[in-house]
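Everything below concerns the one structure shown next.
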Amino acid sequence: MKLVIDPWYEVNRLKQKGLLVTKKNTDLLAHFLKNFNINTFINDYSEPFYLDKTKQTYLPNTKPEEIIAFYKFDKDLGNHLLRDILVIEKIINTTVATEIINTYNIKDKCLFSLPNSFIESRILPNLHRIEPKTTYVKFIYKLIKYLPTSPETRDYIDRNMKDDILKWKKCPLDIVCLTWSFSVSFSLFIALDTIGQEAILKNLDIPHNLIGGFIYFLKNILLLRNAVSHNAPIFKLRFKAQSNGLNDLYYFIFKKHIKNELRLSHIIELIQYFSGTKMLLSRTKYYFDKLAINETVKNKLNHIFIEDNE
């Protein structure tokens, strides 16, 4: 029976496109084609190695090992970034929950102690700037959606309640926040009054006039987080959430001006700063420099990891 998706057919096709396939690396290439989706592994990561992008022909002497090395580097980079983004996510989750409790003076820490009308008049109008159709029920459901997945919430569920929302009415926000996604925390940061937002920035040693830039930073790491989670190539990312405020935030932290727009290297620096890590960018550059790939290709990719500063 002829296979519809045949890795050996792909090996021969790539060989015809100029990829330097030999007896030594054939099995390795076939293994990666079989186990790591051809559409991402080859189509995305071959691009820097093309002599002719339209014909998808390779630069002379391009080996499968080079594409594999670049693929592994990009995936490793994504995993390292995700690890540090999760640190920032935990900080934002906790500080947002704390400031909702403090800003709205929720003494029992349970959001349900606030009247529906209060949430609709004080919280939802801010959130409507980014989620215009959000209702009270949708808002609450997003907050509690993943509560059943956390062992910390078991003591708070009211099993006598059949309503999926009301069964969690006694669960305090500082416990609820343990299950929030980054997108929920971002939405809640937007939904906070200015006082609450400023309190979070103060906790991060960022002045209140940089709220706009910080929001754009959160938008970009949310994009980056989703890209890593959905197997997108990190080296191809272009950060659409650009603003003068974001550049001002970068300058406030690093005392360096950006010539054009923030690129991956700048976002990595900001992630490094807010997650409290020290060598994320330097290690990224170190392992990129060590990559065993054609120097022509490496020079083509250099701009991704070199800051564009004045």
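So you can find residues: chains in the structure tokens are A, B, ... in the order shown, residues in each start at 1, and ligands are numbered from 1 in order.
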
Could you build a table of the residues in range 1-114 of chain A lying no more than 12 Å from range 259-273 of chain A, giving for each the nearest pair of atoms and their separation in Å rounded to one decimal place, using only C-alpha atoms, ordered by chain and ascending residue number, as a Markdown table?
| residue | atom | partner | partner_atom | distance |
| --- | --- | --- | --- | --- |
| A:Leu77 | CA | A:Ile268 | CA | 10.2 |
| A:Gly78 | CA | A:Ile268 | CA | 10.8 |
| A:His80 | CA | A:Ile268 | CA | 10.2 |
| A:Leu81 | CA | A:Ile268 | CA | 7.6 |
| A:Leu82 | CA | A:Ile271 | CA | 9.8 |
| A:Arg83 | CA | A:Ile271 | CA | 10.3 |
| A:Asp84 | CA | A:Ile271 | CA | 6.8 |
| A:Ile85 | CA | A:Ile271 | CA | 6.7 |
| A:Leu86 | CA | A:Ile271 | CA | 10.2 |
| A:Val87 | CA | A:Ile271 | CA | 9.4 |
| A:Ile88 | CA | A:Ile271 | CA | 7.7 |
| A:Glu89 | CA | A:Ile271 | CA | 10.7 |

Spatial neighbours of range 27-40 of chain A, max dist 8 Å, only C-alpha atoms, sep filter under 3 positions, as an NGL selection string: :A and (6-8 or 10-11 or 23-24 or 43-45 or 64-65 or 68 or 232-233)

Same residues, N, CA and C atoms, output as an mmCIF file, in the first residue's frame:
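Okay, this is what ended up in again.cif:
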data_model
loop_
_atom_site.group_PDB
_atom_site.id
_atom_site.type_symbol
_atom_site.label_atom_id
_atom_site.label_comp_id
_atom_site.auth_asym_id
_atom_site.auth_seq_id
_atom_site.Cartn_x
_atom_site.Cartn_y
_atom_site.Cartn_z
ATOM 1 N N ASP A 6 4.453 10.018 3.051
ATOM 2 C CA ASP A 6 5.608 9.113 3.039
ATOM 3 C C ASP A 6 6.889 9.913 3.285
ATOM 4 N N PRO A 7 7.543 9.737 4.462
ATOM 5 C CA PRO A 7 8.763 10.501 4.745
ATOM 6 C C PRO A 7 9.884 10.250 3.748
ATOM 7 N N TRP A 8 9.946 9.040 3.185
ATOM 8 C CA TRP A 8 11.018 8.738 2.231
ATOM 9 C C TRP A 8 10.793 9.465 0.903
ATOM 10 N N GLU A 10 9.468 12.416 0.819
ATOM 11 C CA GLU A 10 9.882 13.775 1.150
ATOM 12 C C GLU A 10 11.403 13.901 1.153
ATOM 13 N N VAL A 11 12.092 12.863 1.625
ATOM 14 C CA VAL A 11 13.561 12.872 1.604
ATOM 15 C C VAL A 11 14.059 13.063 0.170
ATOM 16 N N LYS A 23 24.039 9.139 2.674
ATOM 17 C CA LYS A 23 23.719 7.889 3.369
ATOM 18 C C LYS A 23 23.763 8.080 4.885
ATOM 19 N N LYS A 24 24.665 8.953 5.336
ATOM 20 C CA LYS A 24 24.865 9.161 6.767
ATOM 21 C C LYS A 24 23.689 9.884 7.430
ATOM 22 N N ASN A 43 8.828 23.426 6.073
ATOM 23 C CA ASN A 43 8.356 24.660 5.426
ATOM 24 C C ASN A 43 8.762 25.915 6.192
ATOM 25 N N ASP A 44 8.689 25.875 7.524
ATOM 26 C CA ASP A 44 9.034 27.056 8.312
ATOM 27 C C ASP A 44 10.538 27.216 8.508
ATOM 28 N N TYR A 45 11.206 26.124 8.816
ATOM 29 C CA TYR A 45 12.616 26.241 9.206
ATOM 30 C C TYR A 45 13.589 26.117 8.045
ATOM 31 N N PRO A 64 20.772 18.583 6.005
ATOM 32 C CA PRO A 64 19.609 18.423 6.885
ATOM 33 C C PRO A 64 19.954 18.725 8.352
ATOM 34 N N GLU A 65 21.184 18.384 8.754
ATOM 35 C CA GLU A 65 21.605 18.620 10.139
ATOM 36 C C GLU A 65 21.507 20.098 10.518
ATOM 37 N N ILE A 68 17.822 20.883 11.148
ATOM 38 C CA ILE A 68 17.458 20.241 12.414
ATOM 39 C C ILE A 68 18.018 21.034 13.597
ATOM 40 N N ALA A 232 4.380 27.701 16.856
ATOM 41 C CA ALA A 232 4.790 28.651 15.814
ATOM 42 C C ALA A 232 6.289 28.921 15.920
ATOM 43 N N PRO A 233 6.956 29.184 14.799
ATOM 44 C CA PRO A 233 8.391 29.493 14.836
ATOM 45 C C PRO A 233 8.636 30.827 15.537
#

Nearest to Gln242 in chain A by atom-to-atom distance, counting only C-alpha atoms, from A:Ile101, A:Ile258, A:Val228, A:Leu114: A:Ile258

Which of range 38-106 of chain A DSSP labels helix (DSSP H, G or I), written as a PyMOL selection string: chain A and resi 38-41+47-49+64-103

Surrounding residues of Asn203 in chain A excluding itself and chain neighbours under 2 positions, 12 Å, only C-alpha atoms, as a VMD selection string: chain A and resid 91 to 92 94 to 96 98 to 99 196 to 201 205 to 208 274

Shell of 7 Å around Lys63 in chain A, only C-alpha atoms, local chain residues under 4 positions omitted, as a PyMOL selection string: chain A and resi 19-21

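When only C-alpha atoms are used to measure the gap to Val184 in chain A, the shortest distance among A:Lys169, A:Lys162, A:Lys145, A:Arg13 belongs to A:Lys145.
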
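Among the candidates A:Gly276, A:Leu178, A:Ala191, A:Lys133, the residue lying nearest to Leu204 in chain A is A:Gly276 (atoms considered: only C-alpha atoms).
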
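Note that CA of Phe239 in chain A and CA of Leu51 in chain A are 26.6 Å apart.
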
Minimum-distance residue to Phe49 in chain A, chosen among A:Thr179, A:Asn294, A:Asn309, A:Ser187 (using only C-alpha atoms): A:Asn294

Neighbour list for Gln56 in chain A as a ChimeraX atom specification, cut-off 10 Å, only C-alpha atoms, skip fewer than 6 positions in-chain: /A:14,17-18,43,46-47,49-50

Output for the residues just chosen: C-alpha atoms as a short mmCIF file (atom, residue, chain, number, x, y, z; two decimals), in the first residue's frame:
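selection02.cif was written with the following content:
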data_model
loop_
_atom_site.label_atom_id
_atom_site.label_comp_id
_atom_site.auth_asym_id
_atom_site.auth_seq_id
_atom_site.Cartn_x
_atom_site.Cartn_y
_atom_site.Cartn_z
CA LEU A 14 14.20 17.62 -0.67
CA LYS A 17 15.62 20.70 -4.20
CA GLY A 18 19.35 20.78 -3.44
CA ASN A 43 8.36 24.66 5.43
CA SER A 46 13.96 25.76 5.68
CA GLU A 47 13.14 29.34 4.75
CA PHE A 49 18.35 28.22 3.95
CA TYR A 50 16.66 28.81 0.60
#

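Near Lys109 in chain A, within 8 Å and counting only C-alpha atoms, sit Ile101, Pro172, Leu173 and Asp174 of chain A, not including residues fewer than 6 positions from it in the same chain.
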
Strand (DSSP E or B) call set, DSSP backbone run, range 20-178 of chain A, as a ChimeraX atom specification: /A:50-52,57-58

Prev. selection, N, CA, C and O atoms, output as an mmCIF file, in the first residue's frame:
data_model
loop_
_atom_site.group_PDB
_atom_site.id
_atom_site.type_symbol
_atom_site.label_atom_id
_atom_site.label_comp_id
_atom_site.auth_asym_id
_atom_site.auth_seq_id
_atom_site.Cartn_x
_atom_site.Cartn_y
_atom_site.Cartn_z
ATOM 1 N N TYR A 50 17.008 28.854 2.020
ATOM 2 C CA TYR A 50 16.660 28.810 0.599
ATOM 3 C C TYR A 50 17.559 29.722 -0.227
ATOM 4 O O TYR A 50 17.828 30.862 0.153
ATOM 5 N N LEU A 51 17.987 29.200 -1.367
ATOM 6 C CA LEU A 51 18.648 30.012 -2.380
ATOM 7 C C LEU A 51 17.591 30.778 -3.162
ATOM 8 O O LEU A 51 17.740 31.958 -3.466
ATOM 9 N N ASP A 52 16.485 30.090 -3.463
ATOM 10 C CA ASP A 52 15.351 30.679 -4.175
ATOM 11 C C ASP A 52 14.091 30.314 -3.393
ATOM 12 O O ASP A 52 13.657 29.152 -3.406
ATOM 13 N N THR A 57 14.406 26.081 -3.417
ATOM 14 C CA THR A 57 15.684 25.389 -3.616
ATOM 15 C C THR A 57 16.687 25.884 -2.588
ATOM 16 O O THR A 57 16.639 27.038 -2.161
ATOM 17 N N TYR A 58 17.603 24.997 -2.185
ATOM 18 C CA TYR A 58 18.497 25.289 -1.065
ATOM 19 C C TYR A 58 19.830 25.894 -1.497
ATOM 20 O O TYR A 58 20.291 25.675 -2.628
#

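When only C-alpha atoms are used to compute distances to Thr103 in chain A, the closest of the residues A:Thr194, A:Ser150, A:Thr135, A:Ser121 turns out to be A:Thr194.
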
Counting only C-alpha atoms, the option among A:Phe118, A:Lys75, A:Asn25, A:Leu210 closest to Tyr250 in chain A: A:Leu210
